[in-house]
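Read the structure below first, then the notes.
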Amino acid sequence: MGPPTVTDPRYYHKVVDCQWACPAHTNVPQYLRLIGQGRYADSYLLNRESNVFPGILGRTCDRPCEPACRRGRVDEKPVAICRLKRVAADLRGDIADRLPKAPPAKNGKRVALVGAGPSSLTVANDLLPLGYDVTIYERHARPGGLMRFSIPSFRLPASVIDEECGYVIGMGAVMKYETPVTSMRTLLDEGYDAIFVGSGAPKGKDLDIPGRHDAATIHLGLDWLAGVHFGHIERIEPRVLIIGVGNTAMDCCRTSKRLGAKDVTVVARRSRAHFKASPWELEDAEEEGVQIVENHAPTRFVVEAGVLTGMEFERLEWSTDASGRQVSRVVGSVVIPCDAVILAIGQDNAVPWIESDLGIEFAARHMPIVDKVTHQSTRPGVFFGGDAAWGPANIIWAVAHGHQAAISIHLHCSGRPLTDRLPPGMTLTSTKLGMGAWEYSNDYNPSPRAKMQHEELVKRFSDVSVEVELGFTPEQAAREVERCLNCDIQTAFTDKLCIECDACVDICPTSCLTITPARNTEAELRQQLSAPALNTSQALFQSGPLPQTKRLMVKDEDVCLHCGLCADRCPTAAWDMQRFDLKLAYAGTEAR
Amino acid sequence: MTSINKPAVRHPSAKKNQIGLSRADYEGGMSTLCAGCGHDSVTAALIQSFWELDLPPHRAAKMSGIGCSSKTTAYFMRQSHGFNAVHGRMPSVTTGANAANRELTYIGISGDGDSLNIGFGQLAHAIRRNVNMLYVIENNGVYGLTKGQFSASADLGSTSRKGEVNEQTPIDPVLLALTLGATFVARSFSGDKAQLVPILKAALTHRGFALVDVISPCVSFNDHEGSAKSYAYVRSHEVETVQADFVPLRREIKVPEEHEEVTVVRLHDGSQVRLRSTTAGYNPRSRDSAYRHVQACIKKGEVATGILFIDDAGRDMHDMQRTVPEPLTRQPFELLCPGSAALERLMERYR
Ligand SMILES: Cc1cc2nc3c(=O)[nH]c(=O)nc-3n(C[C@H](O)[C@H](O)[C@H](O)COP(=O)(O)OP(=O)(O)OC[C@H]3O[C@@H](n4cnc5c(N)ncnc54)[C@H](O)[C@@H]3O)c2cc1C
Ligand SMILES: Cc1ncc(C[n+]2csc(CCOP(=O)(O)OP(=O)(O)O)c2C)c(N)n1
Ligand code: SF4
Ligand code: SF4
Ligand code: SF4
Ligand SMILES: [Mg+2]
């Protein structure tokens with residue numbers, strides 16, 4: 001295998017760390033620049049192309065982009081990408097006439113979607129503009145799925161869900177609310193051209209230990225949150241234990257605080273480093289006075305005369321065994337007193353309504369067998385996506401699945417092989433305006449990461465739906481945007497122009513560049529650079545032999561600031577700063 | 001021109017030297033030279049050398065004259081002393097400064113025009129005095145700053161950008177320095193830091209006048225075909241005569257391989273310069289051998305590079321003047337200027 005080549009769009013895509021990490025490959029740097037310019041509507045629409053729900057995701061996304069963000073390798077903290085997205089959504093103004101529309105004439109194909117969660121809505125979003133007749137079956141009375149009835153409204157206001165689901169449904173989806181699908185056979189009999197299952201992973205995992213069914217104040221997290229959402233649950237007892245430390249646990253503990261609990265403790269089997277919840281979720285919970293206890297495994301509920309009084313735990317000590325695995329040792333036991341327990345230890349798929357003789361095969365633990373690329377089940381024409389496909393993930397994955405499934409459905413309905421998918425393409429455009437002048441703001445801004453303002457605690461606890469995060473002000477947003485390193489503005493090199501003057505090598509603040517003889521292996525090369533290239537997850541660019549000495553220009557992408565100084569100081573424009581635009585294929589994108 | 005300053009961020013592996021400074025601490029203002037100018041590379045090599053030598057910036061003085069090359073003292077070691085002299089007068093100003101304070105490290109940066117044209121006489125006498133300093137000539141064969149007129153180092157028959165032919169014989173600073181008794185004479189190329197950095201380190205540590213002639217192409221006025229100071233020309237005509245390795249006192253000195261012919265020169269502070277001749281019979285400690293070889297190369301159209309001559313036993317200006325070991329700047333005023341009574345007594349001796 002030769003060195004990676006920049007003619008493959010994946011090379012430059014990988015340089016844009018956030019966009020590479022985003023399951024939907026949102027063009028982060030470009031939308032951030034638009035925010036910086038105050039072009040909120042443009043930014044919102046650019047976001048929407050890939051992630052469909054910018055307002056929702058700007059508040060709730062799991063943000064895989066942020067741990068990947070280059071700024072985090074250069075400075076302490078990544079760019080606050082997610083909350084900047086929210087700024088674009090909050091300030092976008094009226095965009096109704098810029099949204100995609102369904103054509104007046106239908107294409108004659110009928111598609112059924114099960115569930116109105118983010119995955120199904122993405123499928124609808126992509127297929128409606130192509131003239132499909134889309135019918136969505138939803139158990140509940142309103143769209144949004146878990147985004148609506150699990151994610152508490154203090155994190156995600158209902159109005160935001162209404163608006164963004166409305167944009168999709170408004171294109172003419174036929175909504176069958178309060179219509180749970182109870183038989184796949186019946187649905188198939190309706191003669192749809194394709195069916196998409198986006199019914200989520202709706203079953204909270206139970207914990208079958210002594211005492212589980214002996215008291216009324218032991219809840220399954222998922223059901224409990226839904227109960228709160230639907231207004232069936234309005235209070236909780238003063239002392240609450242939450243078992244588990246993922247997304248659901250975090251929402252349960254914070255919701256408890258709003259329903260009258262005084263003393264809320266989250267209990268985890270493992271130590272903090274292994275928690276599933278993100279650091280910022282833990283921070284928010286602790287800010288609200290939630291206690292977190294590590295290394296405790298539940299063994300039984302303590303119930304006296306039908307009343308829960310506590311829960312017993314084994315205290316664990318973790319160590320690493322010879323094979324590098326984490327193993328636990330019991331070092332004692334303890335009873336933590338409480339009045340209520342919420343179990344938040346995971347979710348399972350549940351599609352009991354899919355009959356076993358339909359050619360839709362399942363693997364272990366009731367997981368359907370689904371193709372990773374096409375999302376098709378073992379029965380042609382039946383597709384899965386979102387949590388229903390491979391178990392609980394998150395909203396942005398559900399969206400990414402929806403786009404891919406829509407491509408497959410479109411191919412399926414057009415009688416083309418599902419493998420007929422367009423690979424991503426790219427365009428590269430020089431950003432040079434003149435000497436030392438570039439189209440983007442190339443200077444490095446040393447500001448620290450913007451801090452989100454939160455609603456004061458008293459106000460928060462007064463009502464479940466008081467939104468906690470207040471959002472960035474336009475000024476804060478503009479400053480935070482400047483922290484972005486513009487990783488999509490690529491350093492593009494033309495071998496034959498280089499006179500090997502070293503100017504680029506000398507000026508580069510982060511020692512990314514080296515002119516060096518070719519080496520036998522990349523590993524060897526990585527040691528022979530201006531600074532050792534130790535982060536092997538980041539690519540090395542290698543030019544062809546340079547005209548004068550046949551040495552190579554090598555660039556370690558790891559900590560490039562995209563400052564453009566190399567191109568500024570190059571006398572021959574062998575380096576140029578070019579804007580990379582990844583061209584993703586969606587349903588209906590034809591050959592470029 | 002570059003519109004932004006170099007961001008303060010550095011590579012995560014960037015280290016500090018023995019005196020706790022990072023390479024960035026040896027940088028200066030942003031260069032205003034043309035993009036691709038060889039002088040900027042020399043600046044980078046100097047920064048690297050200072051950092052590796054743990055040179056305390058406040059104990060150094062950057063001296064220069066006029067020219068693109070002379071401007072470069074602004075682009076490194078922003079925390080040191082400095083003097084930007086009149087065109088060609090840097091050698092005398094440095095001589096004076098060194099006379100007054102012999103403890104500073106003097107870094108003279110000049111151009112071929114500054115040193116071989118207007119300042120020719122100045123340079124000659126600084127060499128003769130063996131002023132303890134590093135003297136870098138960033139040699140591009142032209143007056144870069146005034147848009148490319150031939151300088152005294154332009155080779156016979158080389159052409160200007162517009163095609164005019166140089167008909168005057170050149171002055172070679174290396175031959176000049178060898179003739180005038182310089183104790184450290186080297187030539188290098190801005191495009192070869194692997195060679196330049198050890199030379200600069202040895203030159204900075206050498207006690208006495210250390211001349212380093214660095215061919216440093218002018219991208220704007222002398223990088224065309226027909227120039228003998230272009231990147232392409234130097235690359236195809238350079239012959240490394242002596243390979244130098246600088247071994248600071250701290251680093252363990254390894255015994256040379258059996259077959260290696262290494263000349264080890266011990267500098268006054270105990271560090272060593274290890275020289276490996278690539279030309280059979282070449283002796284970097286013989287002035288005659290150096291002179292003959294460099295001249296022979298010139299005849300063949302070759303550019304001889306490396307530490308071409310070194311004599312670390314030479315006496316510097318202070319030795320010859322028999323000045324006190326303590327810098328004059330630290331002598332009490334009464335001693336430096338003993339007053340009219342003392343003058344009277346002195347005069348009495350000649351009456
Ligand atoms: C408490 C909690 C907090 C979370 N927080 C976040 C977060 O902050 N960020 C994030 O990115 N993700 C979060 N998630 C995960 C995220 O909500 C899900 O991954 C995502 O909603 C999955 O989308 P989906 O389209 O697959 O299905 P879902 O959102 O689960 O939607 C499925 C829909 O299908 C309907 N349905 C199910 N079965 C049938 C049927 N038989 N007939 C008709 N309709 C049916 C359901 O009513 C539901 O509306 C959280 C999850 C939980 C439980
Ligand atoms: C006394 C005096 N005479 C003439 C000039 C005009 N002048 C400025 S720079 C220069 C030549 C510089 O050439 P060189 O030292 O080779 O430097 P370069 O710009 O090539 O690096 C001249 C003649 C001057 N500034 N002062
Ligand atoms: S843009 Fe060029 S100069 Fe700037 S950090 Fe990247 S490689 Fe270095
Ligand atoms: S600055 Fe330009 S010409 Fe000089 S080495 Fe770098 S790429 Fe080559
Ligand atoms: S004119 Fe020549 S010497 Fe002066 S900065 Fe430009 S390239 Fe360098
Ligand atoms: Mg010159």
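Following the order of the structure tokens, first chain is A, next is B, and so on, with residues numbered from 1 inside each chain and ligands from 1 in the order they appear.
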Please extract the residues at most 6 Å from ligand 3, counting only C-alpha atoms and all ligand atoms, and provide them as a PyMOL selection string, using the chain letters and residue numbers of this document. chain A and resi 508-510+512+560-566
Write to file, as a CSV table (one decimal), in the first residue's frame, the residues of the selection just made, with C-alpha atoms.
chain,number,residue,atom,x,y,z
A,508,CYS,CA,4.9,26.3,10.5
A,509,PRO,CA,4.1,27.0,14.2
A,510,THR,CA,3.4,23.4,15.0
A,512,CYS,CA,3.9,19.9,10.7
A,560,CYS,CA,-2.0,21.6,11.7
A,561,LEU,CA,-3.7,24.9,12.7
A,562,HIS,CA,-4.8,25.6,9.1
A,563,CYS,CA,-3.3,29.0,9.7
A,564,GLY,CA,-2.2,29.3,6.1
A,565,LEU,CA,1.3,30.5,7.0
A,566,CYS,CA,3.0,27.8,4.9
Could you give me the residues within 7 Å of ligand 6, counting only C-alpha atoms and all ligand atoms, as an MDAnalysis selection string? chainID B and resid 69 111:113 138:144 151
Selected residues written out, N, CA and C atoms, as a PDB file, in the first residue's frame:
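Now in selection_17.pdb:
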ATOM      1  N   SER B  69      19.321  41.024   4.517  1.00  0.00           N
ATOM      2  CA  SER B  69      20.010  40.148   5.456  1.00  0.00           C
ATOM      3  C   SER B  69      20.139  40.830   6.819  1.00  0.00           C
ATOM      4  N   GLY B 111      25.177  41.102   4.885  1.00  0.00           N
ATOM      5  CA  GLY B 111      24.939  40.619   3.520  1.00  0.00           C
ATOM      6  C   GLY B 111      26.214  40.732   2.722  1.00  0.00           C
ATOM      7  N   ASP B 112      26.176  40.197   1.514  1.00  0.00           N
ATOM      8  CA  ASP B 112      27.338  40.286   0.647  1.00  0.00           C
ATOM      9  C   ASP B 112      27.601  41.740   0.272  1.00  0.00           C
ATOM     10  N   GLY B 113      26.539  42.504   0.081  1.00  0.00           N
ATOM     11  CA  GLY B 113      26.714  43.924  -0.229  1.00  0.00           C
ATOM     12  C   GLY B 113      27.250  44.652   0.988  1.00  0.00           C
ATOM     13  N   GLU B 138      24.923  36.473   4.760  1.00  0.00           N
ATOM     14  CA  GLU B 138      23.831  35.850   4.008  1.00  0.00           C
ATOM     15  C   GLU B 138      24.021  36.294   2.561  1.00  0.00           C
ATOM     16  N   ASN B 139      24.656  35.410   1.820  1.00  0.00           N
ATOM     17  CA  ASN B 139      25.243  35.765   0.528  1.00  0.00           C
ATOM     18  C   ASN B 139      24.333  35.373  -0.634  1.00  0.00           C
ATOM     19  N   ASN B 140      23.750  36.387  -1.282  1.00  0.00           N
ATOM     20  CA  ASN B 140      22.852  36.089  -2.408  1.00  0.00           C
ATOM     21  C   ASN B 140      23.335  36.673  -3.726  1.00  0.00           C
ATOM     22  N   GLY B 141      24.517  37.289  -3.716  1.00  0.00           N
ATOM     23  CA  GLY B 141      25.092  37.796  -4.965  1.00  0.00           C
ATOM     24  C   GLY B 141      24.496  39.101  -5.461  1.00  0.00           C
ATOM     25  N   VAL B 142      23.544  39.603  -4.732  1.00  0.00           N
ATOM     26  CA  VAL B 142      22.909  40.865  -5.163  1.00  0.00           C
ATOM     27  C   VAL B 142      22.645  41.774  -3.969  1.00  0.00           C
ATOM     28  N   TYR B 143      22.293  43.017  -4.280  1.00  0.00           N
ATOM     29  CA  TYR B 143      21.728  43.912  -3.279  1.00  0.00           C
ATOM     30  C   TYR B 143      20.224  43.637  -3.292  1.00  0.00           C
ATOM     31  N   GLY B 144      19.770  42.762  -2.452  1.00  0.00           N
ATOM     32  CA  GLY B 144      18.351  42.410  -2.464  1.00  0.00           C
ATOM     33  C   GLY B 144      17.471  43.606  -2.145  1.00  0.00           C
ATOM     34  N   SER B 151      26.211  42.389  -6.547  1.00  0.00           N
ATOM     35  CA  SER B 151      27.090  42.759  -5.442  1.00  0.00           C
ATOM     36  C   SER B 151      28.487  42.241  -5.767  1.00  0.00           C
TER      37      SER B 151
END
Show me which bits of chain A are within 7 Å of chain B, counting only C-alpha atoms, as a ChimeraX atom specification. /A:435-437,443-444,501-503,506,509-511,548,559,568-571
Export, as an mmCIF file, in the first residue's frame, the selected residues with C-alpha atoms.
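Ended up saving to again36.cif:
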data_model
loop_
_atom_site.group_PDB
_atom_site.id
_atom_site.type_symbol
_atom_site.label_atom_id
_atom_site.label_comp_id
_atom_site.auth_asym_id
_atom_site.auth_seq_id
_atom_site.Cartn_x
_atom_site.Cartn_y
_atom_site.Cartn_z
ATOM 1 C CA MET A 435 -0.841 38.473 -0.628
ATOM 2 C CA GLY A 436 -1.332 37.309 2.945
ATOM 3 C CA ALA A 437 -5.093 37.492 2.553
ATOM 4 C CA ASP A 443 -5.510 33.773 12.613
ATOM 5 C CA TYR A 444 -5.395 31.653 15.739
ATOM 6 C CA CYS A 501 13.363 26.860 -0.043
ATOM 7 C CA ASP A 502 12.181 25.571 3.382
ATOM 8 C CA ALA A 503 10.074 28.676 3.998
ATOM 9 C CA ASP A 506 10.448 27.173 8.935
ATOM 10 C CA PRO A 509 4.147 27.038 14.180
ATOM 11 C CA THR A 510 3.381 23.425 14.999
ATOM 12 C CA SER A 511 6.206 21.743 13.059
ATOM 13 C CA GLN A 548 15.396 19.704 -7.344
ATOM 14 C CA VAL A 559 -1.829 19.478 14.858
ATOM 15 C CA ASP A 568 1.637 32.693 2.811
ATOM 16 C CA ARG A 569 5.385 32.114 2.880
ATOM 17 C CA CYS A 570 5.599 29.916 -0.197
ATOM 18 C CA PRO A 571 7.150 31.887 -3.056
#
Just list as a PyMOL selection string whatever in segment 101-245 of chain B DSSP marks as strand (DSSP E or B). chain B and resi 105-111+133-139+142-143+149-150+159+165+184-189+209-215+238-240+242-245
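Taking atom CA of Cys68 of chain B as the reference point, atom CA of Glu27 of chain B is found at 17.5 Å.
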For His229 of chain A, which residue among A:Ile151, A:Ile360, A:Val302, A:Ala261 is the nearest when counting only C-alpha atoms?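 Comparing A:Ile151, A:Ile360, A:Val302, A:Ala261 against His229 of chain A, the winner is A:Ile151.
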Contacts with ligand 1 at most 7 Å, only C-alpha atoms and all ligand atoms counted, listed as a PyMOL selection string: chain A and resi 57+60-62+114-120+137-140+143-147+150-151+179-182+198-202+222+225+247-248+251+351+353+385-388+392-396+398
Can you pull out every residue within 10 Å of segment 161-169 of chain B, counting only C-alpha atoms, but drop anything in the same chain fewer than 3 positions away, and send it as an mmCIF file with C-alpha atoms, in the first residue's frame?
data_model
loop_
_atom_site.group_PDB
_atom_site.id
_atom_site.type_symbol
_atom_site.label_atom_id
_atom_site.label_comp_id
_atom_site.auth_asym_id
_atom_site.auth_seq_id
_atom_site.Cartn_x
_atom_site.Cartn_y
_atom_site.Cartn_z
ATOM 1 C CA GLY B 148 18.876 43.194 -7.301
ATOM 2 C CA GLN B 149 21.991 45.077 -8.454
ATOM 3 C CA PHE B 150 25.065 42.819 -8.632
ATOM 4 C CA SER B 151 27.090 42.759 -5.442
ATOM 5 C CA ALA B 152 30.801 42.051 -5.080
ATOM 6 C CA SER B 153 30.095 38.322 -4.642
ATOM 7 C CA ALA B 154 28.333 37.960 -8.003
ATOM 8 C CA ASP B 155 30.174 35.388 -10.093
ATOM 9 C CA LEU B 156 31.863 36.295 -13.361
ATOM 10 C CA GLY B 157 29.491 35.739 -16.233
ATOM 11 C CA SER B 158 26.381 35.293 -14.119
ATOM 12 C CA ASP B 172 35.032 35.283 -2.182
ATOM 13 C CA SER B 220 12.936 37.781 -6.072
ATOM 14 C CA PHE B 221 16.060 39.026 -7.851
ATOM 15 C CA ASN B 222 18.544 36.185 -8.116
ATOM 16 C CA ASP B 223 16.850 32.807 -8.399
ATOM 17 C CA HIS B 224 16.666 32.641 -12.189
ATOM 18 C CA GLU B 225 18.600 30.629 -14.719
ATOM 19 C CA GLY B 226 21.949 32.332 -15.281
ATOM 20 C CA SER B 227 22.354 33.068 -11.591
#
